[in-house]
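Asker: My structure is below; once you've seen it, I'll send some questions.
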Amino acid sequence: MSRLLVQYMSSIFSYSFLRNYFEWIKTWKSLPVISWVRAAECYKEEKFALAAELYEKGLASHPFHEASYCARLDLAHCYFKEGRYEDAKQELKGMINLIPELKEAYVRLARIHIWLGEYLEAVWTMRRALREIKPDGELVGIFLGAVLDNGGPGYLLDEAREAYRKLSDKEKQNEKLIVSAIKLEIYKGDYQKGRSKLSSLASGAHAPFDAVLAYGEVLLREGRISIARQHLRRALQAAPNHPKVLTLFASSYLKSGPYYNPDYAKQLATSACQNSNWSSPEALHILAESYKALDDRVTALATALRAKEAGSKLLSNYRDVKTIEELIKALSQSNPNRIP
């Protein structure tokens, strides 16, 4: 191609477009789908809404193109970034049905489930992945972590432990799996030994996000609020919109003591609800508790009812449903004109 032609094309298209255009030809050995090249450019610029439209346009005209699975993976991520979680899940589920051996689709789907607090849904996704794909450290790590976050059941925990046992020593060095194995030790093994390992891992300068989050949660359960917040703040810096981090942070401000601040708890819990599209029962539960602490009992009751409804939609139901029911009962008694 002559220099003049390159200059002419550059006057029409951006440099990044041309780079993506020629990278496509190099990768796929064919002329590109123009809308996908433009979508990739928008994707890198974090213009996810526009990128999604362009990916959709290309998929409408080239549904069976050999690169369509890459476009669909990126489209699902765009949906996720735009808060279109159900669309993202449906896109990934469709890909898994079409390409059962596509590891990345399982991983991304499980991550969305975990983001939304749908832990058992994540377990079933990874269980299927382990049956379709050769198990590795990442797959087993997500599977085991999701089972633990769900609190069982026992037979799935046994499956996860067996999958872990069969991995090579090299695979067991996977970062996510290491954190899940430590959480397992805390859950069913030597609590103090596991806690010590988690503390050491989470306190490092380049600590894994999962380790920092897990240690923050452990500290919160132990009532060590100040240091728990230090770790949750680090987790929040790594993932500013993560519903679970925001929910745990919010709950720390509902603990009695010098840092008690229900108004700040409400702000954080509201953000957690917004970033889960109001579908996380855990986030809604803490928001309801925040409204109760602020003596806004009508809103607290409405939110608690919404938390119970969201929990009923989970495969495993919300594990703190009894606490929610007790909260609803207490708020109903103090609100004769309760919301039906």
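Just so we're on the same page: first chain in the structure tokens is A, next is B, and so on; residues restart at 1 for each chain, and ligands are numbered from 1 in the order they show up.
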Could I get the residues of stretch 90-184 of chain A with an atom no further than 9 Å from an atom of stretch 313-332 of chain A, each paired with its nearest atom pair and that distance in Å to one decimal, using only C-alpha atoms, sorted by chain and residue number, as a Markdown table?
Answerer:
| residue | atom | partner | partner_atom | distance |
| --- | --- | --- | --- | --- |
| A:Gly117 | CA | A:Leu314 | CA | 8.8 |
| A:Glu118 | CA | A:Leu314 | CA | 6.4 |
| A:Tyr119 | CA | A:Ser316 | CA | 8.2 |
| A:Leu120 | CA | A:Ser316 | CA | 6.1 |
| A:Glu121 | CA | A:Leu315 | CA | 6.6 |
| A:Asn150 | CA | A:Ser316 | CA | 7.9 |
| A:Gly151 | CA | A:Arg319 | CA | 8.2 |
Asker: Could you write those residues out with all heavy atoms, as a PDB file, in the first residue's frame?
Answerer:
ATOM      1  N   GLY A 117     -24.285 -11.514  43.791  1.00  0.00           N
ATOM      2  CA  GLY A 117     -24.586 -12.297  44.981  1.00  0.00           C
ATOM      3  C   GLY A 117     -25.315 -13.590  44.680  1.00  0.00           C
ATOM      4  O   GLY A 117     -25.895 -14.213  45.579  1.00  0.00           O
ATOM      5  N   GLU A 118     -25.274 -14.040  43.428  1.00  0.00           N
ATOM      6  CA  GLU A 118     -25.941 -15.275  43.009  1.00  0.00           C
ATOM      7  C   GLU A 118     -24.938 -16.424  43.080  1.00  0.00           C
ATOM      8  O   GLU A 118     -24.502 -16.972  42.072  1.00  0.00           O
ATOM      9  CB  GLU A 118     -26.492 -15.120  41.586  1.00  0.00           C
ATOM     10  CG  GLU A 118     -27.498 -13.985  41.449  1.00  0.00           C
ATOM     11  CD  GLU A 118     -27.820 -13.643  40.002  1.00  0.00           C
ATOM     12  OE1 GLU A 118     -27.129 -14.150  39.086  1.00  0.00           O
ATOM     13  OE2 GLU A 118     -28.754 -12.852  39.778  1.00  0.00           O
ATOM     14  N   TYR A 119     -24.585 -16.796  44.293  1.00  0.00           N
ATOM     15  CA  TYR A 119     -23.464 -17.709  44.485  1.00  0.00           C
ATOM     16  C   TYR A 119     -23.746 -19.124  43.996  1.00  0.00           C
ATOM     17  O   TYR A 119     -22.876 -19.753  43.384  1.00  0.00           O
ATOM     18  CB  TYR A 119     -23.051 -17.720  45.956  1.00  0.00           C
ATOM     19  CG  TYR A 119     -22.629 -16.357  46.460  1.00  0.00           C
ATOM     20  CD1 TYR A 119     -23.322 -15.724  47.484  1.00  0.00           C
ATOM     21  CD2 TYR A 119     -21.559 -15.688  45.872  1.00  0.00           C
ATOM     22  CE1 TYR A 119     -22.937 -14.460  47.928  1.00  0.00           C
ATOM     23  CE2 TYR A 119     -21.180 -14.423  46.296  1.00  0.00           C
ATOM     24  CZ  TYR A 119     -21.880 -13.818  47.326  1.00  0.00           C
ATOM     25  OH  TYR A 119     -21.505 -12.574  47.743  1.00  0.00           O
ATOM     26  N   LEU A 120     -24.941 -19.633  44.271  1.00  0.00           N
ATOM     27  CA  LEU A 120     -25.240 -20.994  43.807  1.00  0.00           C
ATOM     28  C   LEU A 120     -25.325 -21.042  42.284  1.00  0.00           C
ATOM     29  O   LEU A 120     -24.922 -22.033  41.665  1.00  0.00           O
ATOM     30  CB  LEU A 120     -26.539 -21.506  44.428  1.00  0.00           C
ATOM     31  CG  LEU A 120     -26.833 -22.993  44.189  1.00  0.00           C
ATOM     32  CD1 LEU A 120     -25.696 -23.864  44.699  1.00  0.00           C
ATOM     33  CD2 LEU A 120     -28.155 -23.401  44.850  1.00  0.00           C
ATOM     34  N   GLU A 121     -25.821 -19.967  41.675  1.00  0.00           N
ATOM     35  CA  GLU A 121     -25.834 -19.893  40.211  1.00  0.00           C
ATOM     36  C   GLU A 121     -24.404 -19.973  39.662  1.00  0.00           C
ATOM     37  O   GLU A 121     -24.154 -20.642  38.652  1.00  0.00           O
ATOM     38  CB  GLU A 121     -26.502 -18.596  39.760  1.00  0.00           C
ATOM     39  CG  GLU A 121     -28.010 -18.573  39.936  1.00  0.00           C
ATOM     40  CD  GLU A 121     -28.469 -18.196  41.342  1.00  0.00           C
ATOM     41  OE1 GLU A 121     -27.643 -18.248  42.282  1.00  0.00           O
ATOM     42  OE2 GLU A 121     -29.647 -17.870  41.512  1.00  0.00           O
ATOM     43  N   ASN A 150     -21.533 -19.461  49.143  1.00  0.00           N
ATOM     44  CA  ASN A 150     -22.926 -19.893  49.248  1.00  0.00           C
ATOM     45  C   ASN A 150     -23.192 -20.618  50.567  1.00  0.00           C
ATOM     46  O   ASN A 150     -24.342 -20.816  50.946  1.00  0.00           O
ATOM     47  CB  ASN A 150     -23.289 -20.810  48.073  1.00  0.00           C
ATOM     48  CG  ASN A 150     -24.758 -21.102  47.985  1.00  0.00           C
ATOM     49  OD1 ASN A 150     -25.558 -20.199  47.772  1.00  0.00           O
ATOM     50  ND2 ASN A 150     -25.146 -22.363  48.160  1.00  0.00           N
ATOM     51  N   GLY A 151     -22.115 -21.024  51.246  1.00  0.00           N
ATOM     52  CA  GLY A 151     -22.276 -21.778  52.489  1.00  0.00           C
ATOM     53  C   GLY A 151     -22.622 -23.239  52.273  1.00  0.00           C
ATOM     54  O   GLY A 151     -23.308 -23.870  53.073  1.00  0.00           O
TER      55      GLY A 151
END
Asker: For the alpha helix (DSSP H) assignment from backbone DSSP, which residues of stretch 245-339 of chain A qualify? Please present them as a VMD selection string.
Answerer: chain A and resid 245 to 252 262 to 274 281 to 293 297 to 312 321 to 333
Asker: What is the atom CA of A:Arg224-atom CA of A:Trp115 distance in Å, reported with one decimal?
Answerer: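 Answer for the atom CA of A:Arg224 to atom CA of A:Trp115 separation: 24.9 Å.
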Asker: Hey, what's within 10 Å of A:Asp136 if we count only C-alpha atoms and toss same-chain stuff fewer than 5 positions away? As a count of residues only, please?
Answerer: 12
Asker: I'd like the interatomic distance between atom CA of A:Ala60 and atom CA of A:His113, to a tenth of an Å.
Answerer: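 Result for atom CA of A:Ala60 versus atom CA of A:His113: 26.9 Å, one decimal.
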